[in-house]
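Below is one structure; the comments refer to it alone.
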Amino acid sequence: MTLQQLKYVVTVAETGTITNAAKKLYISQPSLTNAIHELEKEMNIVIFQRTNKGIVLSREGEDFLGYARQVLEQAAILEDKYKGQDGGRTQFFLLFRGDFFTFGEKEKYPCERQGNAV
C-alpha cells in the first residue's frame with residue numbers, strides 16, 4: 001500500500017467516477033483502475049463496488065476511506081513539519097510592474113498580492 005494509492009481512492013470517492021478521478025490526477029483511466037485493484041487485492045477487501053451505473057463505496061470501502069484520509073492528513077503534517085509547506089523546495093516569483101520586473105525568493109520577499117506572480 002502506498003500513499004499514492006490512498007490518494008487515488010480518496011480522489012475516486014470525491015469525484016464519484018474513475019474517469020473524472022483519472023482526469024484530476026493526470027493519469028490514464030486503466031492505470032487508476034489497476035492501482036485500485038492492486039490495493040483491493042493487497043488489503044483483501046472490496047473498496048468500490050462496480051455497477052452498470054458506475055462505482056460506489058462498499059461498506060468496507062467507507063471504513064477504508066476514513067482511515068485513508070487520516071493517513072494522508074498525517075503524512076501532510078509530517079511533510080509540513082520536516083520539509084516545510086513548500087515541500088523542501090525554494091519557491092521563486094516573478095512580478096511584472098510596468099517596464100520592470102522583480103525576481104526573488106518567496107520566503108525573503110513575501111508579496112501581499114501575488115495575482116501577477118508567475
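Every chain in the C-alpha cells takes a letter, A first, then B, and so on in the order presented; its residues are numbered from 1, and the ligands are numbered from 1 following the presented order.
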Near-Leu72 of chain A list (10 Å; only C-alpha atoms; drop same-chain fewer than 5 positions) as a ChimeraX atom specification: /A:3-4,6-7,10,67,77-78
Output N, CA and C atoms for every residue in the selection just made, as a tab-separated table (two decimals), in the first residue's frame.
chain	number	residue	atom	x	y	z
A	3	LEU	N	1.06	5.74	-0.37
A	3	LEU	CA	0.29	6.97	-0.20
A	3	LEU	C	-0.41	7.33	-1.51
A	4	GLN	N	0.25	7.04	-2.62
A	4	GLN	CA	-0.34	7.34	-3.93
A	4	GLN	C	-1.65	6.57	-4.12
A	6	LEU	N	-3.60	5.53	-1.79
A	6	LEU	CA	-4.59	6.12	-0.89
A	6	LEU	C	-5.16	7.40	-1.50
A	7	LYS	N	-4.29	8.21	-2.12
A	7	LYS	CA	-4.76	9.42	-2.80
A	7	LYS	C	-5.72	9.07	-3.93
A	10	VAL	N	-9.17	8.20	-2.40
A	10	VAL	CA	-9.85	9.41	-1.92
A	10	VAL	C	-10.37	10.23	-3.11
A	67	TYR	N	-9.92	5.83	7.11
A	67	TYR	CA	-8.53	5.61	7.51
A	67	TYR	C	-7.56	6.19	6.49
A	77	ILE	N	1.03	16.44	7.51
A	77	ILE	CA	1.55	17.09	8.72
A	77	ILE	C	3.04	16.84	8.85
A	78	LEU	N	3.46	15.59	8.62
A	78	LEU	CA	4.88	15.26	8.67
A	78	LEU	C	5.68	16.05	7.63
Report as a VMD selection string: the residues of segment 31-81 of chain A with a DSSP assignment of alpha helix (DSSP H), based on the backbone of this structure. chain A and resid 31 to 43 59 to 81
I need the chosen residues saved as an mmCIF file, in the first residue's frame, with N, CA and C atoms.
data_model
loop_
_atom_site.group_PDB
_atom_site.id
_atom_site.type_symbol
_atom_site.label_atom_id
_atom_site.label_comp_id
_atom_site.auth_asym_id
_atom_site.auth_seq_id
_atom_site.Cartn_x
_atom_site.Cartn_y
_atom_site.Cartn_z
ATOM 1 N N SER A 31 -4.659 2.910 -15.692
ATOM 2 C CA SER A 31 -3.657 2.946 -14.626
ATOM 3 C C SER A 31 -4.310 3.128 -13.269
ATOM 4 N N LEU A 32 -5.298 4.002 -13.205
ATOM 5 C CA LEU A 32 -6.013 4.235 -11.953
ATOM 6 C C LEU A 32 -6.776 2.987 -11.526
ATOM 7 N N THR A 33 -7.471 2.380 -12.466
ATOM 8 C CA THR A 33 -8.225 1.160 -12.170
ATOM 9 C C THR A 33 -7.294 0.064 -11.667
ATOM 10 N N ASN A 34 -6.161 -0.123 -12.333
ATOM 11 C CA ASN A 34 -5.201 -1.151 -11.917
ATOM 12 C C ASN A 34 -4.650 -0.884 -10.519
ATOM 13 N N ALA A 35 -4.336 0.379 -10.221
ATOM 14 C CA ALA A 35 -3.801 0.723 -8.904
ATOM 15 C C ALA A 35 -4.809 0.406 -7.806
ATOM 16 N N ILE A 36 -6.074 0.705 -8.066
ATOM 17 C CA ILE A 36 -7.114 0.426 -7.063
ATOM 18 C C ILE A 36 -7.336 -1.076 -6.928
ATOM 19 N N HIS A 37 -7.336 -1.801 -8.045
ATOM 20 C CA HIS A 37 -7.470 -3.262 -7.985
ATOM 21 C C HIS A 37 -6.329 -3.889 -7.187
ATOM 22 N N GLU A 38 -5.103 -3.405 -7.407
ATOM 23 C CA GLU A 38 -3.944 -3.916 -6.671
ATOM 24 C C GLU A 38 -4.095 -3.665 -5.176
ATOM 25 N N LEU A 39 -4.572 -2.486 -4.823
ATOM 26 C CA LEU A 39 -4.780 -2.151 -3.414
ATOM 27 C C LEU A 39 -5.859 -3.038 -2.805
ATOM 28 N N GLU A 40 -6.943 -3.225 -3.515
ATOM 29 C CA GLU A 40 -8.019 -4.093 -3.021
ATOM 30 C C GLU A 40 -7.514 -5.521 -2.826
ATOM 31 N N LYS A 41 -6.712 -5.976 -3.768
ATOM 32 C CA LYS A 41 -6.145 -7.326 -3.681
ATOM 33 C C LYS A 41 -5.206 -7.439 -2.479
ATOM 34 N N GLU A 42 -4.338 -6.441 -2.316
ATOM 35 C CA GLU A 42 -3.384 -6.447 -1.205
ATOM 36 C C GLU A 42 -4.084 -6.410 0.149
ATOM 37 N N MET A 43 -5.126 -5.592 0.254
ATOM 38 C CA MET A 43 -5.842 -5.435 1.520
ATOM 39 C C MET A 43 -6.915 -6.506 1.720
ATOM 40 N N ARG A 59 -19.254 -1.068 2.026
ATOM 41 C CA ARG A 59 -19.198 -0.780 3.471
ATOM 42 C C ARG A 59 -17.750 -0.790 3.953
ATOM 43 N N GLU A 60 -17.000 -1.787 3.501
ATOM 44 C CA GLU A 60 -15.582 -1.834 3.854
ATOM 45 C C GLU A 60 -14.853 -0.621 3.290
ATOM 46 N N GLY A 61 -15.255 -0.206 2.090
ATOM 47 C CA GLY A 61 -14.649 0.942 1.437
ATOM 48 C C GLY A 61 -14.870 2.228 2.204
ATOM 49 N N GLU A 62 -16.042 2.375 2.789
ATOM 50 C CA GLU A 62 -16.326 3.569 3.598
ATOM 51 C C GLU A 62 -15.388 3.632 4.792
ATOM 52 N N ASP A 63 -15.203 2.513 5.464
ATOM 53 C CA ASP A 63 -14.267 2.457 6.597
ATOM 54 C C ASP A 63 -12.849 2.740 6.125
ATOM 55 N N PHE A 64 -12.465 2.078 5.034
ATOM 56 C CA PHE A 64 -11.123 2.246 4.491
ATOM 57 C C PHE A 64 -10.871 3.698 4.118
ATOM 58 N N LEU A 65 -11.853 4.352 3.506
ATOM 59 C CA LEU A 65 -11.722 5.748 3.098
ATOM 60 C C LEU A 65 -11.436 6.652 4.294
ATOM 61 N N GLY A 66 -12.114 6.406 5.397
ATOM 62 C CA GLY A 66 -11.866 7.193 6.612
ATOM 63 C C GLY A 66 -10.429 7.059 7.084
ATOM 64 N N TYR A 67 -9.922 5.830 7.109
ATOM 65 C CA TYR A 67 -8.534 5.607 7.514
ATOM 66 C C TYR A 67 -7.556 6.190 6.494
ATOM 67 N N ALA A 68 -7.879 6.058 5.213
ATOM 68 C CA ALA A 68 -7.003 6.597 4.166
ATOM 69 C C ALA A 68 -6.859 8.109 4.325
ATOM 70 N N ARG A 69 -7.959 8.790 4.585
ATOM 71 C CA ARG A 69 -7.908 10.242 4.781
ATOM 72 C C ARG A 69 -7.050 10.599 5.985
ATOM 73 N N GLN A 70 -7.178 9.832 7.062
ATOM 74 C CA GLN A 70 -6.365 10.091 8.254
ATOM 75 C C GLN A 70 -4.881 9.915 7.966
ATOM 76 N N VAL A 71 -4.537 8.856 7.246
ATOM 77 C CA VAL A 71 -3.135 8.599 6.913
ATOM 78 C C VAL A 71 -2.585 9.736 6.056
ATOM 79 N N LEU A 72 -3.357 10.169 5.059
ATOM 80 C CA LEU A 72 -2.905 11.252 4.184
ATOM 81 C C LEU A 72 -2.761 12.564 4.944
ATOM 82 N N GLU A 73 -3.668 12.829 5.881
ATOM 83 C CA GLU A 73 -3.554 14.037 6.709
ATOM 84 C C GLU A 73 -2.292 13.988 7.564
ATOM 85 N N GLN A 74 -2.019 12.831 8.155
ATOM 86 C CA GLN A 74 -0.826 12.686 8.992
ATOM 87 C C GLN A 74 0.440 12.817 8.153
ATOM 88 N N ALA A 75 0.432 12.263 6.945
ATOM 89 C CA ALA A 75 1.591 12.384 6.056
ATOM 90 C C ALA A 75 1.822 13.846 5.689
ATOM 91 N N ALA A 76 0.746 14.593 5.451
ATOM 92 C CA ALA A 76 0.871 16.018 5.127
ATOM 93 C C ALA A 76 1.435 16.795 6.314
ATOM 94 N N ILE A 77 1.026 16.441 7.511
ATOM 95 C CA ILE A 77 1.550 17.094 8.717
ATOM 96 C C ILE A 77 3.042 16.837 8.847
ATOM 97 N N LEU A 78 3.458 15.592 8.617
ATOM 98 C CA LEU A 78 4.885 15.262 8.669
ATOM 99 C C LEU A 78 5.679 16.051 7.633
ATOM 100 N N GLU A 79 5.175 16.111 6.423
ATOM 101 C CA GLU A 79 5.876 16.851 5.375
ATOM 102 C C GLU A 79 5.972 18.332 5.714
ATOM 103 N N ASP A 80 4.881 18.907 6.220
ATOM 104 C CA ASP A 80 4.906 20.325 6.586
ATOM 105 C C ASP A 80 5.906 20.589 7.699
ATOM 106 N N LYS A 81 5.949 19.684 8.669
ATOM 107 C CA LYS A 81 6.840 19.877 9.814
ATOM 108 C C LYS A 81 8.307 19.768 9.413
#
Near-segment 21-29 of chain A list (6 Å; only C-alpha atoms; drop same-chain fewer than 3 positions) as an NGL selection string: :A and (11-12 or 15 or 18 or 32)
With C-alpha atoms retained, write the just-selected residues as a JSON list (two decimals), in the first residue's frame.
[["chain", "number", "residue", "atom", "x", "y", "z"],
["A", 11, "THR", "CA", -9.99, 11.15, -5.31],
["A", 12, "VAL", "CA", -12.25, 8.48, -6.82],
["A", 15, "THR", "CA", -15.26, 12.68, -7.81],
["A", 18, "ILE", "CA", -12.92, 6.66, -12.27],
["A", 32, "LEU", "CA", -6.01, 4.24, -11.95]]
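Counting from atom CA of Asn20 of chain A, the distance to atom CA of Met1 of chain A is 22.4 Å.
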